[in-house]
$ cat target25.tsv   # TSV, C-alpha atoms and all ligand atoms
chain	number	residue	atom	x	y	z
A	21	MET	CA	-72.10	-72.17	20.99
A	22	SER	CA	-72.29	-73.43	17.45
A	23	LYS	CA	-75.65	-73.24	15.75
A	24	PRO	CA	-77.45	-76.62	15.67
A	25	ASN	CA	-78.86	-78.15	12.57
A	26	VAL	CA	-82.67	-77.97	12.82
A	27	ILE	CA	-84.28	-80.49	10.51
A	28	ILE	CA	-88.00	-80.78	9.91
A	29	THR	CA	-88.69	-84.23	8.53
A	30	GLN	CA	-91.45	-86.72	7.76
A	31	ASN	CA	-89.02	-89.58	8.41
A	32	ILE	CA	-87.41	-89.39	11.83
A	33	GLN	CA	-85.82	-92.81	11.53
A	34	GLN	CA	-83.92	-91.87	8.39
A	35	GLU	CA	-82.73	-88.50	9.76
A	36	LEU	CA	-81.56	-90.03	13.02
A	37	GLN	CA	-79.77	-92.81	11.20
A	38	LYS	CA	-77.98	-90.21	9.07
A	39	PHE	CA	-76.97	-88.19	12.13
A	40	ILE	CA	-75.61	-91.22	13.97
A	41	ALA	CA	-73.75	-92.49	10.89
A	42	ASN	CA	-72.03	-89.12	10.50
A	43	ASN	CA	-70.64	-89.26	14.05
A	44	THR	CA	-68.81	-91.78	16.18
A	45	TYR	CA	-70.50	-92.13	19.52
A	46	SER	CA	-69.40	-94.66	22.12
A	47	LYS	CA	-72.95	-95.16	23.44
A	48	ILE	CA	-76.38	-93.67	22.99
A	49	CYS	CA	-78.58	-92.75	25.91
A	50	VAL	CA	-82.23	-92.07	25.12
A	51	ILE	CA	-84.18	-90.13	27.76
A	52	THR	CA	-87.95	-90.67	27.72
A	53	ASP	CA	-90.93	-90.48	30.03
A	54	GLN	CA	-93.64	-93.13	30.22
A	55	ASN	CA	-95.63	-91.52	27.39
A	56	THR	CA	-92.78	-90.93	24.97
A	57	LYS	CA	-91.40	-94.38	25.72
A	58	ALA	CA	-94.75	-95.88	24.73
A	59	HIS	CA	-95.61	-93.66	21.77
A	60	CYS	CA	-92.38	-92.20	20.39
A	61	TYR	CA	-89.55	-94.58	21.22
A	62	PRO	CA	-90.94	-97.31	18.88
A	63	LEU	CA	-90.33	-94.91	15.97
A	64	ILE	CA	-86.59	-94.73	16.66
A	65	ARG	CA	-85.93	-98.03	18.45
A	66	GLU	CA	-84.51	-99.77	15.39
A	67	VAL	CA	-81.92	-97.02	14.90
A	68	VAL	CA	-80.55	-96.93	18.44
A	69	LYS	CA	-80.93	-100.52	19.58
A	70	GLY	CA	-77.83	-102.49	20.44
A	71	ASN	CA	-75.77	-99.49	21.40
A	72	GLY	CA	-77.34	-97.78	24.27
A	73	ILE	CA	-79.46	-97.31	27.29
A	74	LEU	CA	-83.00	-96.12	27.71
A	75	ILE	CA	-83.85	-93.91	30.67
A	76	GLN	CA	-87.46	-93.38	31.65
A	77	ILE	CA	-88.44	-90.59	34.03
A	78	PRO	CA	-91.90	-89.60	35.27
A	79	ALA	CA	-93.87	-87.42	32.83
A	80	GLY	CA	-94.76	-83.82	33.58
A	81	GLU	CA	-93.47	-80.52	34.92
A	82	GLU	CA	-93.46	-81.83	38.52
A	83	ALA	CA	-90.55	-84.06	37.55
A	84	LYS	CA	-88.41	-81.17	36.25
A	85	THR	CA	-86.36	-81.13	39.43
A	86	ILE	CA	-82.86	-81.66	40.71
A	87	GLU	CA	-84.02	-85.01	42.18
A	88	THR	CA	-84.87	-86.29	38.70
A	89	CYS	CA	-81.53	-85.00	37.41
A	90	GLN	CA	-79.79	-86.98	40.11
A	91	LYS	CA	-81.57	-90.12	38.89
A	92	ILE	CA	-80.57	-89.39	35.29
A	93	TRP	CA	-76.90	-88.79	36.25
A	94	GLN	CA	-77.08	-91.98	38.31
A	95	TYR	CA	-78.26	-94.04	35.30
A	96	MET	CA	-75.61	-92.42	33.10
A	97	THR	CA	-72.90	-93.25	35.61
A	98	THR	CA	-74.06	-96.83	36.13
A	99	ALA	CA	-74.13	-97.33	32.36
A	100	GLN	CA	-70.57	-95.93	32.25
A	101	LEU	CA	-71.33	-93.28	29.67
A	102	ASP	CA	-68.10	-91.60	28.72
A	103	ARG	CA	-67.51	-88.21	27.13
A	104	LYS	CA	-67.99	-89.65	23.64
A	105	ALA	CA	-71.55	-90.71	24.43
A	106	LEU	CA	-74.65	-89.12	22.92
A	107	VAL	CA	-77.85	-88.22	24.77
A	108	ILE	CA	-81.09	-88.18	22.79
A	109	ASN	CA	-83.86	-86.25	24.48
A	110	LEU	CA	-87.05	-87.84	23.20
A	111	GLY	CA	-89.98	-85.92	24.58
A	112	GLY	CA	-91.57	-82.58	25.26
A	113	GLY	CA	-90.04	-79.45	26.71
A	114	VAL	CA	-89.54	-81.04	30.12
A	115	ILE	CA	-87.32	-83.82	28.76
A	116	GLY	CA	-85.59	-81.45	26.34
A	117	ASP	CA	-84.77	-78.85	29.01
A	118	MET	CA	-83.83	-81.31	31.73
A	119	GLY	CA	-82.12	-83.95	29.56
A	120	GLY	CA	-80.12	-81.19	27.87
A	121	PHE	CA	-79.15	-79.79	31.27
A	122	CYS	CA	-78.07	-83.23	32.51
A	123	ALA	CA	-76.04	-83.87	29.33
A	124	SER	CA	-74.44	-80.40	29.50
A	125	THR	CA	-73.23	-80.96	33.05
A	126	TYR	CA	-72.41	-84.69	33.01
A	127	LYS	CA	-68.59	-84.95	32.95
A	128	ARG	CA	-68.64	-81.21	32.09
A	129	GLY	CA	-70.74	-81.83	29.02
A	130	ILE	CA	-71.45	-84.51	26.45
A	131	ASP	CA	-73.22	-84.23	23.09
A	132	PHE	CA	-76.99	-84.29	22.96
A	133	ILE	CA	-79.70	-83.92	20.36
A	134	GLN	CA	-83.31	-82.89	20.74
A	135	ILE	CA	-86.14	-84.93	19.25
A	136	PRO	CA	-89.12	-82.87	20.37
A	137	THR	CA	-92.40	-84.76	20.46
A	138	THR	CA	-94.92	-82.13	21.60
A	139	LEU	CA	-96.00	-79.14	19.53
A	140	LEU	CA	-94.67	-76.82	22.22
A	141	SER	CA	-91.23	-78.35	22.15
A	142	GLN	CA	-91.18	-78.50	18.35
A	143	VAL	CA	-92.05	-74.84	17.85
A	144	ASP	CA	-90.23	-73.41	20.82
A	145	ALA	CA	-88.41	-75.33	23.57
A	146	SER	CA	-86.07	-77.34	21.34
A	147	VAL	CA	-84.66	-74.23	19.64
A	148	GLY	CA	-82.46	-71.59	21.23
A	149	GLY	CA	-80.24	-73.49	23.65
A	150	LYS	CA	-81.98	-72.76	26.95
A	151	LEU	CA	-81.79	-75.74	29.29
A	152	GLY	CA	-82.75	-76.13	32.90
A	153	ILE	CA	-84.98	-77.24	35.72
A	154	ASP	CA	-87.42	-75.73	38.21
A	155	PHE	CA	-86.46	-74.81	41.76
A	156	THR	CA	-88.58	-75.00	44.90
A	157	GLU	CA	-87.86	-72.44	47.59
A	158	GLU	CA	-87.97	-73.34	51.29
A	159	ASN	CA	-91.46	-71.86	51.59
A	160	GLY	CA	-92.74	-74.00	48.72
A	161	ASN	CA	-92.68	-71.38	45.93
A	162	VAL	CA	-91.67	-72.96	42.64
A	163	PHE	CA	-89.48	-70.90	40.32
A	164	LYS	CA	-89.62	-72.10	36.75
A	165	ASN	CA	-86.34	-72.82	34.96
A	166	HIS	CA	-84.49	-71.16	37.83
A	167	ILE	CA	-81.41	-73.36	37.51
A	168	GLY	CA	-79.92	-73.94	34.10
A	169	VAL	CA	-77.42	-73.23	31.36
A	170	PHE	CA	-77.29	-72.06	27.76
A	171	ASN	CA	-75.99	-74.82	25.52
A	172	GLU	CA	-76.83	-75.95	22.01
A	173	PRO	CA	-77.70	-79.50	20.97
A	174	LYS	CA	-75.80	-81.03	18.08
A	175	ALA	CA	-79.07	-81.26	16.16
A	176	VAL	CA	-82.82	-80.82	16.49
A	177	LEU	CA	-84.91	-83.35	14.57
A	178	ILE	CA	-88.57	-82.40	14.27
A	179	ASP	CA	-91.19	-84.84	12.98
A	180	ILE	CA	-94.81	-83.67	13.05
A	181	ASN	CA	-95.93	-87.33	12.98
A	182	PHE	CA	-95.18	-87.54	16.70
A	183	LEU	CA	-98.12	-85.21	17.30
A	184	SER	CA	-100.63	-87.91	16.28
A	185	THR	CA	-100.55	-89.42	19.79
A	186	LEU	CA	-100.44	-86.14	21.67
A	187	ASP	CA	-103.37	-85.16	23.86
A	188	LYS	CA	-105.41	-82.32	22.35
A	189	ARG	CA	-104.95	-80.14	25.42
A	190	GLU	CA	-101.17	-80.49	25.03
A	191	LEU	CA	-101.42	-79.64	21.33
A	192	ARG	CA	-103.36	-76.51	22.22
A	193	SER	CA	-100.75	-75.60	24.80
A	194	GLY	CA	-98.07	-75.61	22.08
A	195	PHE	CA	-100.20	-73.40	19.86
A	196	ALA	CA	-99.73	-70.55	22.38
A	197	GLU	CA	-96.07	-70.23	21.40
A	198	ILE	CA	-97.05	-70.13	17.71
A	199	ILE	CA	-99.49	-67.33	18.51
A	200	LYS	CA	-96.70	-65.56	20.38
A	201	HIS	CA	-94.27	-65.84	17.47
A	202	CYS	CA	-96.84	-64.34	15.10
A	203	LEU	CA	-97.74	-61.52	17.47
A	204	ILE	CA	-94.12	-60.49	18.09
A	205	ALA	CA	-92.74	-60.95	14.58
A	206	ASP	CA	-95.21	-61.55	11.77
A	207	LYS	CA	-98.53	-59.74	11.43
A	208	GLN	CA	-99.32	-61.48	8.13
A	209	LYS	CA	-99.07	-64.90	9.74
A	210	TRP	CA	-101.12	-63.65	12.69
A	211	ASP	CA	-103.89	-62.78	10.22
A	212	VAL	CA	-103.61	-66.29	8.74
A	213	ILE	CA	-103.90	-68.15	12.06
A	214	CYS	CA	-106.55	-65.78	13.33
A	215	ALA	CA	-108.77	-66.57	10.35
A	216	ARG	CA	-108.68	-70.26	11.25
A	217	SER	CA	-109.96	-72.19	14.22
A	218	PHE	CA	-107.50	-74.24	16.27
A	219	ASP	CA	-108.53	-77.44	14.46
A	220	GLU	CA	-107.90	-75.92	11.04
A	221	GLN	CA	-104.24	-74.96	11.57
A	222	ASP	CA	-101.44	-76.38	9.39
A	223	TRP	CA	-98.89	-77.67	11.92
A	224	THR	CA	-96.11	-78.45	9.45
A	225	ASP	CA	-96.20	-74.95	8.02
A	226	LEU	CA	-96.49	-73.34	11.46
A	227	ALA	CA	-93.65	-75.40	12.94
A	228	ALA	CA	-91.32	-74.26	10.15
A	229	HIS	CA	-92.49	-70.67	10.63
A	230	SER	CA	-91.96	-70.67	14.39
A	231	VAL	CA	-88.56	-72.38	14.15
A	232	ALA	CA	-87.44	-69.77	11.60
A	233	ILE	CA	-88.49	-66.87	13.85
A	234	LYS	CA	-87.05	-68.35	17.02
A	235	SER	CA	-83.78	-69.32	15.31
A	236	LYS	CA	-83.34	-65.86	13.82
A	237	VAL	CA	-83.91	-64.12	17.15
A	238	THR	CA	-81.80	-66.49	19.25
A	239	GLU	CA	-78.92	-66.50	16.78
A	240	ALA	CA	-78.85	-62.70	16.90
A	241	ASP	CA	-78.81	-62.73	20.70
A	242	PRO	CA	-78.01	-66.20	22.09
A	243	HIS	CA	-77.61	-65.13	25.73
A	244	GLU	CA	-80.64	-62.86	25.98
A	245	LYS	CA	-78.77	-59.59	26.39
A	246	GLY	CA	-81.36	-57.70	24.35
A	247	LEU	CA	-83.46	-58.74	21.33
A	248	ARG	CA	-84.07	-62.29	22.57
A	249	LYS	CA	-86.16	-60.84	25.37
A	250	ILE	CA	-89.01	-60.29	22.87
A	251	LEU	CA	-89.60	-64.04	23.04
A	252	ASN	CA	-90.76	-63.48	26.60
A	253	PHE	CA	-93.90	-61.66	25.52
A	254	GLY	CA	-96.72	-63.16	27.60
A	255	HIS	CA	-94.24	-64.97	29.82
A	256	THR	CA	-93.66	-62.52	32.68
A	257	LEU	CA	-97.21	-62.77	34.01
A	258	GLY	CA	-97.72	-66.14	32.29
A	259	HIS	CA	-94.86	-67.77	34.21
A	260	ALA	CA	-96.08	-66.24	37.47
A	261	VAL	CA	-99.57	-67.67	36.89
A	262	GLU	CA	-98.10	-71.03	35.86
A	263	SER	CA	-95.84	-71.18	38.92
A	264	PHE	CA	-98.62	-70.18	41.31
A	265	TYR	CA	-100.94	-72.98	40.17
A	266	LEU	CA	-98.21	-75.56	39.61
A	267	ASN	CA	-98.90	-77.56	42.76
A	268	SER	CA	-102.62	-76.92	42.88
A	269	LYS	CA	-105.67	-78.74	41.52
A	270	LYS	CA	-106.06	-75.94	39.01
A	271	LYS	CA	-102.72	-76.67	37.37
A	272	LEU	CA	-102.36	-74.97	33.99
A	273	LEU	CA	-100.23	-76.23	31.14
A	274	HIS	CA	-97.37	-73.95	30.09
A	275	GLY	CA	-99.12	-72.66	26.96
A	276	GLU	CA	-102.40	-72.16	28.81
A	277	ALA	CA	-100.64	-69.90	31.31
A	278	ILE	CA	-98.82	-68.07	28.52
A	279	ALA	CA	-102.16	-67.51	26.77
A	280	ILE	CA	-103.39	-65.72	29.92
A	281	GLY	CA	-100.09	-63.82	30.09
A	282	MET	CA	-100.46	-62.66	26.48
A	283	ILE	CA	-103.90	-61.21	27.19
A	284	CYS	CA	-102.71	-59.43	30.36
A	285	GLU	CA	-99.58	-58.09	28.69
A	286	SER	CA	-101.54	-56.96	25.62
A	287	PHE	CA	-103.76	-55.01	28.00
A	288	ILE	CA	-100.66	-53.25	29.40
A	289	ALA	CA	-99.48	-52.53	25.84
A	290	ALA	CA	-102.88	-51.05	24.97
A	291	LYS	CA	-102.89	-48.99	28.15
A	292	ARG	CA	-99.48	-47.61	27.25
A	293	GLY	CA	-100.80	-46.68	23.80
A	294	PHE	CA	-98.62	-49.19	21.92
A	295	ILE	CA	-101.40	-51.31	20.41
A	296	THR	CA	-104.95	-50.18	19.69
A	297	MET	CA	-108.09	-51.21	21.54
A	298	GLU	CA	-109.12	-53.09	18.40
A	299	ASP	CA	-105.84	-55.03	18.53
A	300	LEU	CA	-106.45	-55.84	22.20
A	301	GLN	CA	-109.96	-56.96	21.40
A	302	GLN	CA	-108.81	-59.17	18.52
A	303	ILE	CA	-105.96	-60.75	20.51
A	304	SER	CA	-108.05	-61.38	23.63
A	305	SER	CA	-111.06	-62.75	21.75
A	306	TYR	CA	-109.00	-65.10	19.63
A	307	ILE	CA	-107.02	-66.42	22.58
A	308	VAL	CA	-110.18	-66.97	24.63
A	309	SER	CA	-111.83	-68.70	21.66
A	310	VAL	CA	-108.99	-71.25	21.72
A	311	TYR	CA	-108.28	-71.57	25.46
A	312	GLY	CA	-111.45	-70.51	27.25
A	313	LYS	CA	-110.96	-68.27	30.23
A	314	PRO	CA	-109.88	-70.00	33.46
A	315	GLU	CA	-110.76	-67.60	36.25
A	316	ILE	CA	-108.01	-66.17	38.48
A	317	PRO	CA	-109.70	-65.48	41.84
A	318	SER	CA	-108.95	-62.00	43.26
A	319	LYS	CA	-107.45	-63.57	46.37
A	320	ASP	CA	-104.75	-65.20	44.21
A	321	ILE	CA	-103.65	-62.02	42.43
A	322	ASN	CA	-101.61	-60.70	45.36
A	323	HIS	CA	-99.73	-64.00	45.52
A	324	ILE	CA	-99.14	-64.17	41.77
A	325	ILE	CA	-97.66	-60.68	41.26
A	326	PRO	CA	-94.68	-61.15	43.66
A	327	LEU	CA	-93.63	-64.18	41.63
A	328	THR	CA	-92.75	-61.82	38.78
A	329	LEU	CA	-89.94	-60.46	40.98
A	330	GLN	CA	-88.02	-63.66	40.24
A	331	ASP	CA	-88.30	-63.17	36.48
A	332	LYS	CA	-84.91	-63.64	34.89
A	333	LYS	CA	-85.23	-60.47	32.77
A	334	ASN	CA	-85.47	-58.20	35.82
A	335	GLU	CA	-82.79	-55.68	36.56
A	336	ASN	CA	-82.28	-53.51	39.68
A	337	SER	CA	-85.47	-54.96	41.23
A	338	GLU	CA	-87.56	-53.64	38.34
A	339	VAL	CA	-89.89	-56.09	36.64
A	340	LEU	CA	-89.12	-55.72	32.94
A	341	PHE	CA	-91.66	-56.80	30.34
A	342	SER	CA	-91.58	-57.49	26.63
A	343	LEU	CA	-94.65	-55.84	25.17
A	344	LEU	CA	-96.20	-55.54	21.74
A	345	GLU	CA	-95.24	-52.28	20.07
A	346	GLU	CA	-97.81	-53.19	17.44
A	347	ILE	CA	-99.02	-56.55	16.14
A	348	GLY	CA	-95.93	-58.13	14.55
A	349	ILE	CA	-93.38	-56.00	16.46
A	350	ALA	CA	-92.32	-56.33	20.10
A	351	ASN	CA	-90.14	-54.26	22.41
A	352	TYR	CA	-88.38	-55.23	25.64
A	353	ASN	CA	-87.09	-53.88	28.97
A	354	VAL	CA	-90.37	-52.08	29.68
A	355	SER	CA	-90.68	-51.50	33.43
A	356	VAL	CA	-94.15	-52.34	34.73
A	357	GLY	CA	-95.38	-51.65	38.25
A	358	VAL	CA	-97.42	-53.80	40.61
A	359	GLU	CA	-100.65	-51.81	40.15
A	360	GLU	CA	-100.54	-52.12	36.39
A	361	MET	CA	-99.94	-55.86	36.66
A	362	LYS	CA	-102.90	-56.21	39.00
A	363	GLU	CA	-105.09	-54.18	36.70
A	364	SER	CA	-104.12	-56.39	33.77
A	365	ILE	CA	-105.16	-59.58	35.60
A	366	GLU	CA	-108.40	-57.87	36.68
A	367	PHE	CA	-108.96	-56.96	33.02
A	368	TYR	CA	-108.39	-60.58	32.04
A	369	ASN	CA	-110.84	-61.77	34.68
A	370	SER	CA	-113.63	-59.40	33.90
A	371	PHE	CA	-113.52	-58.64	30.22
A	372	THR	CA	-116.43	-59.53	28.00
A	373	ASP	CA	-116.98	-58.12	24.54
A	374	TYR	CA	-119.50	-55.72	25.99
A	375	PHE	CA	-117.23	-54.66	28.85
A	376	TYR	CA	-114.13	-53.94	26.93
A	377	ASN	CA	-115.84	-52.38	23.98
A	378	SER	CA	-116.65	-49.66	26.44
A	379	ILE	CA	-113.16	-49.28	27.93
A	380	ARG	CA	-111.29	-46.12	27.00
A	381	PHE	CA	-107.83	-45.32	28.34
A	401	LIG	P1	-94.04	-81.90	28.57
A	401	LIG	O1	-92.67	-82.12	28.21
A	401	LIG	O2	-94.44	-82.09	30.00
A	401	LIG	O3	-94.97	-82.85	27.68
A	401	LIG	C1	-96.35	-82.82	27.85
A	401	LIG	C2	-96.95	-84.21	28.02
A	401	LIG	O4	-97.03	-84.82	26.75
A	401	LIG	C3	-96.15	-85.14	28.90
A	401	LIG	O5	-97.04	-85.88	29.69
A	401	LIG	C4	-95.44	-86.05	27.90
A	401	LIG	O6	-95.18	-87.30	28.44
A	401	LIG	C5	-96.47	-86.14	26.82
A	401	LIG	N1	-95.98	-86.42	25.48
A	401	LIG	C6	-94.89	-85.87	24.88
A	401	LIG	N2	-94.84	-86.24	23.60
A	401	LIG	C7	-95.90	-87.04	23.38
A	401	LIG	C8	-96.40	-87.71	22.24
A	401	LIG	N3	-95.83	-87.56	21.03
A	401	LIG	N4	-97.50	-88.48	22.37
A	401	LIG	C9	-98.13	-88.58	23.57
A	401	LIG	N5	-97.72	-87.94	24.67
A	401	LIG	C10	-96.61	-87.19	24.58
A	401	LIG	O7	-94.55	-80.44	28.19
A	401	LIG	P2	-94.24	-79.46	26.96
A	401	LIG	O8	-95.45	-78.63	26.84
A	401	LIG	O9	-93.71	-80.15	25.79
A	401	LIG	O10	-93.05	-78.55	27.50
A	401	LIG	C11	-93.21	-77.71	28.62
A	401	LIG	C12	-91.84	-77.38	29.15
A	401	LIG	O11	-91.08	-76.73	28.16
A	401	LIG	C13	-91.87	-76.46	30.35
A	401	LIG	O12	-91.06	-77.02	31.34
A	401	LIG	C14	-91.27	-75.16	29.84
A	401	LIG	O13	-90.57	-74.46	30.83
A	401	LIG	C15	-90.35	-75.66	28.76
A	401	LIG	N6	-90.03	-74.66	27.74
A	401	LIG	C16	-88.73	-74.45	27.44
A	401	LIG	C17	-88.37	-73.53	26.50
A	401	LIG	C18	-86.92	-73.33	26.14
A	401	LIG	O14	-86.60	-72.38	25.41
A	401	LIG	N7	-86.03	-74.17	26.60
A	401	LIG	C19	-89.35	-72.81	25.81
A	401	LIG	C20	-90.69	-73.07	26.12
A	401	LIG	C21	-91.01	-74.00	27.08
$ encode --input "target25.tsv" --output "structure tokens" --more "lines below"
Ligand code: NAD
Amino acid sequence: MSKPNVIITQNIQQELQKFIANNTYSKICVITDQNTKAHCYPLIREVVKGNGILIQIPAGEEAKTIETCQKIWQYMTTAQLDRKALVINLGGGVIGDMGGFCASTYKRGIDFIQIPTTLLSQVDASVGGKLGIDFTEENGNVFKNHIGVFNEPKAVLIDINFLSTLDKRELRSGFAEIIKHCLIADKQKWDVICARSFDEQDWTDLAAHSVAIKSKVTEADPHEKGLRKILNFGHTLGHAVESFYLNSKKKLLHGEAIAIGMICESFIAAKRGFITMEDLQQISSYIVSVYGKPEIPSKDINHIIPLTLQDKKNENSEVLFSLLEEIGIANYNVSVGVEEMKESIEFYNSFTDYFYNSIRF
């Protein structure tokens, strides 16, 4: 997989024009959902018009399925896209992951580029070459990104201006991955974001920072054999929580679930003696100040934990976590048992400043 060109720009039209002019594509296929078609497509329409098709799929994680892929492949086939065609994924992580997966498998793979339009996809999903869709088991359990491939886009074009139409809850969801990047790789930046409220953050600076960290890690280990696993900090329990509530009224956004996962997994790190109680207190308080604290009822915990058994990092039936060694440094392949996982969710549920000031391991 050759490394894609990641460009952070204030002028998406110009960058896209340049990219298209430097290549010879037979047709251009833009994949959108109803929101990105309305808010983001107008910014690139002039560049792609006359030579392509526009596909619109339903917005949201519920659409990240094989059924939607079939519709996308159907449109591509009807439009007679050949192997010299280009797919442009214009949207958040759902479109990026699924559109990239469809492009990578259509006629054994055609070129695609990512134009991420949510903060989460700009700082995380569009970088690193992971593509895929969710899978629903016979009994209704949804496994996130269970089916997919590693493949790199030809380019990633990031324009922060897209964020102006993004819902604030979605913006906050993306911030969770920025928090994660700071916690696993850059204590200094953690201190910077921690000193600011969510509304005071500098998205352009933080996007560049996150992209640099994620690119460095994924280039060193593109197929997640080792180091790349640190990017999963907060995601083992976070994905389980996200999957469990996916089809419920209490549906959490990806970053909101990861925020919960980061608190739970920081608790495990503190219990193991990796980070200090003060670190745990700082991490938990800051995350709760941004995301609040959606309750996880005790009756749900026993259903959430088994979902970690499907985590893609597991080996020999052991659930392997990526934990903070200290703030700014993460480890990986740490085996964690069911009881410890339960305890960490109970900690998340019940901690208050008073309560956890008094905890001693
Ligand atoms: P999303 O793609 O569902 O987008 C969130 C919502 O924002 C959608 O309703 C979308 O239509 C809307 N939207 C997008 N851009 C907009 C804009 N500029 N203005 C107004 N509305 C806009 O969600 P997401 O948070 O971007 O991505 C979540 C997905 O990313 C998950 O499926 C997750 O698994 C995946 N992900 C992948 C990776 C990876 O490495 N491949 C990493 C992290 C997350």
$ closest_residue --input "target25.tsv" --among "A:Gly246, A:Gly357, A:Gly348, A:Gly120" --to "A:Lys207" --atoms "all atoms listed in the file"
A:Gly348
$ residues_near_ligand --input "target25.tsv" --ligand "ligand LIG 401 (chain A)" --cutoff "6 Å" --atoms "all atoms listed in the file" --output "list of chain:residue names"
A:Asp53, A:Asn55, A:Thr56, A:His59, A:Cys60, A:Ala79, A:Gly80, A:Glu81, A:Gly111, A:Gly112, A:Gly113, A:Val114, A:Ile115, A:Asp117, A:Thr137, A:Thr138, A:Leu140, A:Ser141, A:Asp144, A:Ala145, A:Gly148, A:Lys150, A:Leu151, A:Phe182, A:Leu183, A:Thr185, A:Leu186, A:His274
$ write_last_selection --input "target25.tsv" --atoms "C-alpha atoms" --output "mmCIF file, in the frame of the given file"
data_model
loop_
_atom_site.group_PDB
_atom_site.id
_atom_site.type_symbol
_atom_site.label_atom_id
_atom_site.label_comp_id
_atom_site.auth_asym_id
_atom_site.auth_seq_id
_atom_site.Cartn_x
_atom_site.Cartn_y
_atom_site.Cartn_z
ATOM 1 C CA ASP A 53 -90.930 -90.480 30.030
ATOM 2 C CA ASN A 55 -95.630 -91.520 27.390
ATOM 3 C CA THR A 56 -92.780 -90.930 24.970
ATOM 4 C CA HIS A 59 -95.610 -93.660 21.770
ATOM 5 C CA CYS A 60 -92.380 -92.200 20.390
ATOM 6 C CA ALA A 79 -93.870 -87.420 32.830
ATOM 7 C CA GLY A 80 -94.760 -83.820 33.580
ATOM 8 C CA GLU A 81 -93.470 -80.520 34.920
ATOM 9 C CA GLY A 111 -89.980 -85.920 24.580
ATOM 10 C CA GLY A 112 -91.570 -82.580 25.260
ATOM 11 C CA GLY A 113 -90.040 -79.450 26.710
ATOM 12 C CA VAL A 114 -89.540 -81.040 30.120
ATOM 13 C CA ILE A 115 -87.320 -83.820 28.760
ATOM 14 C CA ASP A 117 -84.770 -78.850 29.010
ATOM 15 C CA THR A 137 -92.400 -84.760 20.460
ATOM 16 C CA THR A 138 -94.920 -82.130 21.600
ATOM 17 C CA LEU A 140 -94.670 -76.820 22.220
ATOM 18 C CA SER A 141 -91.230 -78.350 22.150
ATOM 19 C CA ASP A 144 -90.230 -73.410 20.820
ATOM 20 C CA ALA A 145 -88.410 -75.330 23.570
ATOM 21 C CA GLY A 148 -82.460 -71.590 21.230
ATOM 22 C CA LYS A 150 -81.980 -72.760 26.950
ATOM 23 C CA LEU A 151 -81.790 -75.740 29.290
ATOM 24 C CA PHE A 182 -95.180 -87.540 16.700
ATOM 25 C CA LEU A 183 -98.120 -85.210 17.300
ATOM 26 C CA THR A 185 -100.550 -89.420 19.790
ATOM 27 C CA LEU A 186 -100.440 -86.140 21.670
ATOM 28 C CA HIS A 274 -97.370 -73.950 30.090
#
$ closest_residue --input "target25.tsv" --among "A:Ala58, A:Ile75, A:Ile365, A:Val310" --to "A:Gly258" --atoms "only C-alpha atoms"
A:Ile365
$ closest_atom_pairs --input "target25.tsv" --of "stretch 211-329 of chain A" --to "stretch 25-33 of chain A" --cutoff "12 Å" --atoms "all atoms listed in the file" --output "JSON lines"
{"residue": "A:Trp223", "atom": "CA", "partner": "A:Ile28", "partner_atom": "CA", "distance": 11.5}
{"residue": "A:Thr224", "atom": "CA", "partner": "A:Ile28", "partner_atom": "CA", "distance": 8.5}
{"residue": "A:Asp225", "atom": "CA", "partner": "A:Ile28", "partner_atom": "CA", "distance": 10.2}
{"residue": "A:Leu226", "atom": "CA", "partner": "A:Ile28", "partner_atom": "CA", "distance": 11.4}
{"residue": "A:Ala227", "atom": "CA", "partner": "A:Ile28", "partner_atom": "CA", "distance": 8.4}
{"residue": "A:Ala228", "atom": "CA", "partner": "A:Ile28", "partner_atom": "CA", "distance": 7.3}
{"residue": "A:His229", "atom": "CA", "partner": "A:Ile28", "partner_atom": "CA", "distance": 11.1}
{"residue": "A:Ser230", "atom": "CA", "partner": "A:Ile28", "partner_atom": "CA", "distance": 11.7}
{"residue": "A:Val231", "atom": "CA", "partner": "A:Val26", "partner_atom": "CA", "distance": 8.2}
{"residue": "A:Ala232", "atom": "CA", "partner": "A:Val26", "partner_atom": "CA", "distance": 9.6}
{"residue": "A:Lys234", "atom": "CA", "partner": "A:Val26", "partner_atom": "CA", "distance": 11.4}
{"residue": "A:Ser235", "atom": "CA", "partner": "A:Val26", "partner_atom": "CA", "distance": 9.1}
$ residues_around --input "target25.tsv" --residues "A:Ser318" --least-positions-apart "4" --cutoff "12 Å" --atoms "all atoms listed in the file" --output "number ranges by chain"
A: 322-325, 362-363, 365-370
$ write_last_selection --input "target25.tsv" --atoms "C-alpha atoms" --output "mmCIF file, in the coordinates of the input"
data_model
loop_
_atom_site.group_PDB
_atom_site.id
_atom_site.type_symbol
_atom_site.label_atom_id
_atom_site.label_comp_id
_atom_site.auth_asym_id
_atom_site.auth_seq_id
_atom_site.Cartn_x
_atom_site.Cartn_y
_atom_site.Cartn_z
ATOM 1 C CA ASN A 322 -101.610 -60.700 45.360
ATOM 2 C CA HIS A 323 -99.730 -64.000 45.520
ATOM 3 C CA ILE A 324 -99.140 -64.170 41.770
ATOM 4 C CA ILE A 325 -97.660 -60.680 41.260
ATOM 5 C CA LYS A 362 -102.900 -56.210 39.000
ATOM 6 C CA GLU A 363 -105.090 -54.180 36.700
ATOM 7 C CA ILE A 365 -105.160 -59.580 35.600
ATOM 8 C CA GLU A 366 -108.400 -57.870 36.680
ATOM 9 C CA PHE A 367 -108.960 -56.960 33.020
ATOM 10 C CA TYR A 368 -108.390 -60.580 32.040
ATOM 11 C CA ASN A 369 -110.840 -61.770 34.680
ATOM 12 C CA SER A 370 -113.630 -59.400 33.900
#
